[in-house]
>>> print(open('start_2.csv').read())   # CSV, C-alpha atoms and all ligand atoms
chain,number,residue,atom,x,y,z
A,1,MET,CA,-18.1,46.5,11.5
A,2,LEU,CA,-16.4,45.1,14.6
A,3,ARG,CA,-12.6,45.5,14.5
A,4,LYS,CA,-9.5,44.8,16.6
A,5,LYS,CA,-10.4,41.6,18.4
A,6,GLU,CA,-13.7,42.8,19.8
A,7,ILE,CA,-15.1,39.3,19.9
A,8,GLU,CA,-14.1,36.7,22.5
A,9,LEU,CA,-14.8,33.3,21.2
A,10,ARG,CA,-16.8,30.9,23.4
A,11,ASP,CA,-17.5,27.2,23.5
A,12,SER,CA,-20.9,27.7,21.9
A,13,ASP,CA,-19.3,29.4,18.8
A,14,ALA,CA,-18.7,27.6,15.5
A,15,LEU,CA,-17.3,28.3,12.1
A,16,LEU,CA,-19.7,27.5,9.2
A,17,LEU,CA,-18.2,27.5,5.7
A,18,VAL,CA,-20.6,27.4,2.9
A,19,ASP,CA,-19.8,25.6,-0.4
A,20,VAL,CA,-16.1,26.3,-0.7
A,21,GLN,CA,-15.9,23.9,-3.6
A,22,LYS,CA,-13.7,23.7,-6.7
A,23,ASP,CA,-16.6,24.3,-9.1
A,24,PHE,CA,-17.2,27.7,-7.5
A,25,LEU,CA,-13.5,28.7,-7.7
A,26,PRO,CA,-11.7,30.2,-10.8
A,27,GLY,CA,-11.5,27.4,-13.5
A,28,GLY,CA,-14.6,25.7,-12.0
A,29,ALA,CA,-17.9,25.0,-13.7
A,30,LEU,CA,-19.7,27.9,-11.9
A,31,ALA,CA,-16.7,30.1,-11.0
A,32,VAL,CA,-17.5,32.9,-8.6
A,33,PRO,CA,-15.3,35.9,-9.6
A,34,ASN,CA,-12.3,36.3,-7.2
A,35,ALA,CA,-13.4,33.4,-5.0
A,36,ASP,CA,-9.8,32.4,-4.6
A,37,LYS,CA,-9.1,35.6,-2.7
A,38,ILE,CA,-11.0,34.4,0.3
A,39,LEU,CA,-9.1,31.2,0.8
A,40,HIS,CA,-6.2,32.6,2.8
A,41,PHE,CA,-8.7,34.4,5.1
A,42,LEU,CA,-10.7,31.2,5.5
A,43,ASN,CA,-7.5,29.4,6.5
A,44,ALA,CA,-6.9,32.1,9.1
A,45,TYR,CA,-10.4,31.6,10.6
A,46,ILE,CA,-10.0,27.8,10.5
A,47,LYS,CA,-6.7,28.2,12.4
A,48,ILE,CA,-8.3,30.4,15.1
A,49,PHE,CA,-11.3,28.0,15.6
A,50,SER,CA,-9.3,24.8,15.5
A,51,ASN,CA,-6.6,26.2,17.9
A,52,LYS,CA,-9.4,26.9,20.4
A,53,GLY,CA,-11.0,23.5,19.9
A,54,LEU,CA,-14.1,25.0,18.4
A,55,LYS,CA,-16.3,23.2,15.9
A,56,ILE,CA,-16.1,23.7,12.2
A,57,TYR,CA,-19.0,22.8,9.9
A,58,MET,CA,-18.8,22.8,6.1
A,59,THR,CA,-21.7,22.6,3.7
A,60,ARG,CA,-21.3,21.3,0.2
A,61,ASP,CA,-23.5,21.6,-2.8
A,62,TRP,CA,-24.0,17.9,-3.7
A,63,HIS,CA,-26.1,17.5,-6.8
A,64,PRO,CA,-27.1,14.3,-8.7
A,65,GLU,CA,-26.1,14.4,-12.4
A,66,ASP,CA,-29.6,15.3,-13.6
A,67,HIS,CA,-30.3,18.0,-11.0
A,68,CYS,CA,-33.2,20.4,-11.7
A,69,SER,CA,-30.9,23.5,-11.2
A,70,PHE,CA,-28.9,22.6,-14.3
A,71,LYS,CA,-29.8,24.3,-17.6
A,72,ASP,CA,-30.2,21.0,-19.3
A,73,TYR,CA,-33.0,20.2,-16.9
A,74,GLY,CA,-34.8,23.5,-16.9
A,75,GLY,CA,-32.7,25.3,-14.3
A,76,LEU,CA,-30.4,28.4,-14.2
A,77,TRP,CA,-27.0,27.0,-13.9
A,78,PRO,CA,-24.4,25.0,-15.7
A,79,LYS,CA,-23.7,21.5,-14.3
A,80,HIS,CA,-21.8,21.9,-11.1
A,81,CYS,CA,-20.9,20.1,-7.9
A,82,ILE,CA,-22.0,16.7,-9.1
A,83,GLN,CA,-21.8,14.1,-6.3
A,84,GLU,CA,-18.3,12.5,-6.1
A,85,SER,CA,-16.9,14.7,-9.0
A,86,GLU,CA,-13.7,16.6,-8.9
A,87,GLY,CA,-15.6,19.9,-9.0
A,88,ALA,CA,-17.5,19.0,-5.9
A,89,LYS,CA,-14.4,18.6,-3.8
A,90,PHE,CA,-13.5,21.3,-1.3
A,91,ALA,CA,-10.9,23.8,-2.4
A,92,GLU,CA,-7.4,22.2,-2.2
A,93,GLU,CA,-5.9,25.3,-0.6
A,94,LEU,CA,-8.1,25.0,2.5
A,95,LYS,CA,-6.2,23.6,5.5
A,96,LEU,CA,-9.0,21.6,7.1
A,97,PRO,CA,-8.6,19.8,10.4
A,98,PRO,CA,-9.7,16.1,10.2
A,99,ASP,CA,-12.7,16.6,12.4
A,100,VAL,CA,-14.7,19.1,10.3
A,101,VAL,CA,-18.4,18.1,10.0
A,102,ILE,CA,-19.6,18.0,6.4
A,103,ILE,CA,-23.3,18.7,5.5
A,104,SER,CA,-24.4,17.8,1.9
A,105,LYS,CA,-27.2,19.7,0.5
A,106,ALA,CA,-29.4,20.0,-2.7
A,107,THR,CA,-29.1,16.2,-3.1
A,108,ASP,CA,-32.6,15.7,-4.4
A,109,LYS,CA,-32.8,15.9,-8.2
A,110,ASN,CA,-36.2,17.6,-8.1
A,111,LYS,CA,-35.4,20.3,-5.6
A,112,ASP,CA,-32.7,23.0,-5.4
A,113,ALA,CA,-31.6,24.1,-2.0
A,114,TYR,CA,-29.4,27.1,-1.4
A,115,SER,CA,-29.5,27.1,2.4
A,116,GLY,CA,-27.4,24.7,4.3
A,117,PHE,CA,-30.4,24.2,6.6
A,118,ASP,CA,-32.8,23.2,3.7
A,119,ASP,CA,-33.6,19.5,4.1
A,120,THR,CA,-30.4,18.7,6.0
A,121,GLU,CA,-29.5,17.8,9.6
A,122,LEU,CA,-27.6,21.0,10.1
A,123,ASP,CA,-29.9,22.6,12.7
A,124,ASN,CA,-30.2,19.3,14.7
A,125,ILE,CA,-26.4,18.8,14.7
A,126,LEU,CA,-25.8,22.4,15.8
A,127,LYS,CA,-28.4,22.1,18.6
A,128,LYS,CA,-26.9,18.8,19.7
A,129,ASP,CA,-23.5,20.4,19.8
A,130,ASN,CA,-24.9,23.4,21.8
A,131,ILE,CA,-23.9,25.9,19.2
A,132,LYS,CA,-25.5,29.4,19.6
A,133,ARG,CA,-23.4,31.7,17.5
A,134,LEU,CA,-22.3,31.0,13.9
A,135,PHE,CA,-19.4,32.6,12.0
A,136,ILE,CA,-20.4,32.2,8.4
A,137,GLY,CA,-18.3,32.6,5.3
A,138,GLY,CA,-18.0,30.9,1.9
A,139,LEU,CA,-19.7,31.0,-1.5
A,140,ALA,CA,-21.6,32.6,-2.9
A,141,THR,CA,-22.7,35.8,-1.0
A,142,ASP,CA,-25.8,36.3,-3.1
A,143,TYR,CA,-27.0,32.6,-3.1
A,144,CYS,CA,-26.0,30.0,-0.6
A,145,VAL,CA,-24.3,32.2,1.9
A,146,LYS,CA,-27.3,34.6,2.0
A,147,ALA,CA,-29.9,31.7,2.3
A,148,THR,CA,-27.9,30.0,5.0
A,149,VAL,CA,-27.4,33.2,7.0
A,150,LEU,CA,-31.1,34.1,6.8
A,151,ASP,CA,-32.2,30.6,7.9
A,152,ALA,CA,-29.7,30.7,10.7
A,153,LEU,CA,-31.1,34.0,11.9
A,154,SER,CA,-34.7,32.8,11.8
A,155,LEU,CA,-33.7,29.7,13.6
A,156,GLY,CA,-32.4,31.9,16.5
A,157,TYR,CA,-28.6,31.7,16.0
A,158,LYS,CA,-26.5,34.8,16.3
A,159,VAL,CA,-24.7,35.3,13.0
A,160,PHE,CA,-21.4,36.9,12.3
A,161,LEU,CA,-20.8,37.3,8.6
A,162,LEU,CA,-17.1,37.0,7.5
A,163,LEU,CA,-16.8,39.9,5.1
A,164,ASP,CA,-13.3,38.9,4.0
A,165,GLY,CA,-14.4,35.3,3.6
A,166,ILE,CA,-17.2,35.7,1.1
A,167,LYS,CA,-17.6,36.5,-2.7
A,168,ALA,CA,-20.7,37.1,-4.8
A,169,VAL,CA,-21.7,35.8,-8.3
A,170,ASN,CA,-23.4,39.1,-9.2
A,171,VAL,CA,-25.5,37.8,-12.1
A,172,ASN,CA,-26.9,41.4,-11.8
A,173,PRO,CA,-24.4,44.0,-10.7
A,174,GLN,CA,-26.3,45.0,-7.5
A,175,ASP,CA,-26.8,41.4,-6.2
A,176,GLU,CA,-24.0,41.5,-3.7
A,177,GLU,CA,-25.0,44.8,-2.3
A,178,LYS,CA,-28.6,43.7,-2.0
A,179,ALA,CA,-27.7,40.5,-0.3
A,180,LEU,CA,-25.5,42.2,2.2
A,181,LEU,CA,-28.2,44.7,3.0
A,182,GLU,CA,-30.8,42.0,3.5
A,183,MET,CA,-28.5,40.0,5.8
A,184,LYS,CA,-27.7,43.1,7.9
A,185,GLU,CA,-31.4,44.1,8.2
A,186,LYS,CA,-32.2,40.7,9.5
A,187,GLY,CA,-29.5,40.9,12.1
A,188,ALA,CA,-26.3,39.5,10.8
A,189,ILE,CA,-23.2,41.3,12.3
A,190,PHE,CA,-20.4,42.0,9.8
A,191,ILE,CA,-16.9,41.2,10.9
A,192,ASP,CA,-13.5,40.5,9.4
A,193,ILE,CA,-10.4,38.6,10.6
A,194,SER,CA,-9.3,41.6,12.7
A,195,SER,CA,-12.4,41.2,14.9
A,196,LEU,CA,-11.1,37.8,16.1
A,197,SER,CA,-7.3,38.3,16.1
A,198,ASP,CA,-4.9,40.9,17.3
A,199,ASP,CA,-2.4,39.6,14.8
A,200,ILE,CA,-2.0,41.4,11.6
A,201,VAL,CA,-3.4,39.3,8.8
A,202,ASP,CA,-2.1,40.4,5.5
A,203,SER,CA,-4.0,40.3,2.2
A,204,ARG,CA,-2.9,36.7,1.9
A,205,GLY,CA,-4.5,35.8,5.2
A,206,ASN,CA,-1.2,35.0,6.9
A,207,CYS,CA,-1.0,35.8,10.6
B,1,LIG,C1,-24.8,28.1,-5.3
B,1,LIG,C2,-25.7,28.5,-7.4
B,1,LIG,C3,-26.0,27.2,-7.6
B,1,LIG,C4,-24.0,28.5,-4.1
B,1,LIG,C5,-25.1,26.7,-5.5
B,1,LIG,O1,-23.4,27.7,-3.5
B,1,LIG,O2,-24.1,29.8,-3.8
B,1,LIG,N1,-25.1,28.9,-6.3
B,1,LIG,N2,-25.7,26.3,-6.6
B,2,ZN,ZN,-26.0,24.2,-6.9
>>> encode(input="start_2.csv", output="structure tokens", more="lines below")
Ligand code: VGL
Ligand code: ZN
Amino acid sequence: MLRKKEIELRDSDALLLVDVQKDFLPGGALAVPNADKILHFLNAYIKIFSNKGLKIYMTRDWHPEDHCSFKDYGGLWPKHCIQESEGAKFAEELKLPPDVVIISKATDKNKDAYSGFDDTELDNILKKDNIKRLFIGGLATDYCVKATVLDALSLGYKVFLLLDGIKAVNVNPQDEEKALLEMKEKGAIFIDISSLSDDIVDSRGNC
């Protein structure tokens, strides 16, 4: 774990926030336990990146109403993140600058896609923007964050995982631990807000 502002941000760095959508927050259709606890930290990361003029990308789960990942259609999950629905909106607490780049995924009713790179333009956009290192947080650690991190690593990006900016579903109790181990083994570097900022960021993410 890197601590105490050990990372100097560069122009080729970007923040990538995965699926920070209402349906994955407490009260949502597929609520991730304690997902609300990451929002203040994500705002602290957003502030650091936008103050430096660095790019911010956000993926969103963006399913048609009859998506194959829904239980009614043979999948695992309750209906969630239906295109244009309230639950598919980004968490209201996030303080997003106007120029964030949004990437919609899992839009094909016949195919689920956990990774933000799966059947999207994300890799092309990042290449065009000359991004080399990705700082990745969001929901959920054991599904879309993991899949996105592993794809980013195999595509050759350097990946920093924001440990205070992720939460797991834990369908099985060990899922979070396994996901973290797999991401670490494949080369993800674990950081928290103190790795980027000398300011004390309290448990509410204020700095
Ligand atoms: C996700 C389950 C189903 C995620 C998306 O964003 O991690 N998990 N769809
Ligand atoms: Zn989904």
>>> closest_residue(input="start_2.csv", among="A:Leu161, A:Ala106, A:Ala91, A:Leu39", to="Pro64 (chain A)", atoms="all atoms listed in the file")
A:Ala106
>>> closest_residue(input="start_2.csv", among="A:Thr120, A:Ser12, A:Thr141, A:Thr107", to="ligand LIG 1 (chain B)", atoms="all atoms listed in the file")
A:Thr141
>>> closest_atom_pairs(input="start_2.csv", of="region 95-140 of chain A", to="region 50-56 of chain A", cutoff="10 Å", atoms="all atoms listed in the file", output="tab-separated table")
residue	atom	partner	partner_atom	distance
A:Leu96	CA	A:Ile56	CA	9.0
A:Pro97	CA	A:Ser50	CA	7.2
A:Asp99	CA	A:Ile56	CA	7.9
A:Val100	CA	A:Ile56	CA	5.2
A:Val101	CA	A:Ile56	CA	6.4
A:Ile102	CA	A:Ile56	CA	8.9
A:Leu126	CA	A:Lys55	CA	9.5
A:Asp129	CA	A:Lys55	CA	8.7
A:Ile131	CA	A:Lys55	CA	8.7
A:Leu134	CA	A:Ile56	CA	9.7
A:Phe135	CA	A:Ile56	CA	9.5
>>> residues_near_ligand(input="start_2.csv", ligand="ligand ZN 2 (chain B)", cutoff="8 Å", atoms="all atoms listed in the file", output="number ranges by chain")
A: 61-63, 69, 77, 80-81, 106, 112-114
>>> closest_residue(input="start_2.csv", among="A:Lys37, A:Lys95, A:Lys158, A:Lys167", to="ligand LIG 1 (chain B)", atoms="all atoms listed in the file")
A:Lys167
>>> residues_near_ligand(input="start_2.csv", ligand="ligand LIG 1 (chain B)", cutoff="10 Å", atoms="only C-alpha atoms and all ligand atoms", output="ChimeraX atom specification")
/A:18-21,23-24,30-32,59-63,69-70,75-81,105-106,112-116,138-148,167-169
>>> closest_residue(input="start_2.csv", among="A:Glu177, A:Glu6, A:Asp198, A:Glu93", to="Asn43 (chain A)", atoms="all atoms listed in the file")
A:Glu93
>>> residues_around(input="start_2.csv", residues="Asn34 (chain A)", least_positions_apart="4", cutoff="8 Å", atoms="all atoms listed in the file", output="list in words")
Leu25, Pro26, Ile38 and Lys167 of chain A
>>> closest_residue(input="start_2.csv", among="A:Glu182, A:Ile103, A:Glu84, A:Leu9", to="Ser195 (chain A)", atoms="only C-alpha atoms")
A:Leu9
>>> residues_near_point(input="start_2.csv", point="(-13.7, 23.8, -13.6)", cutoff="6 Å", atoms="only C-alpha atoms", output="list in words")
Asp23, Gly27, Gly28 and Ala29 of chain A
>>> closest_residue(input="start_2.csv", among="A:Ile189, A:Leu163, A:Val149, A:Leu94", to="Asp118 (chain A)", atoms="only C-alpha atoms")
A:Val149
>>> residues_near_point(input="start_2.csv", point="(-21.7, 36.0, 14.1)", cutoff="12 Å", atoms="only C-alpha atoms", output="ChimeraX atom specification")
/A:1-2,6-10,12-16,131-137,149,152-153,156-163,183-184,187-192,195-196
>>> atom_distance(input="start_2.csv", atom1="CA of Asn130 (chain A)", atom2="CA of Leu150 (chain A)")
19.4 Å
>>> atom_distance(input="start_2.csv", atom1="CA of Asp199 (chain A)", atom2="CA of Leu42 (chain A)")
15.0 Å
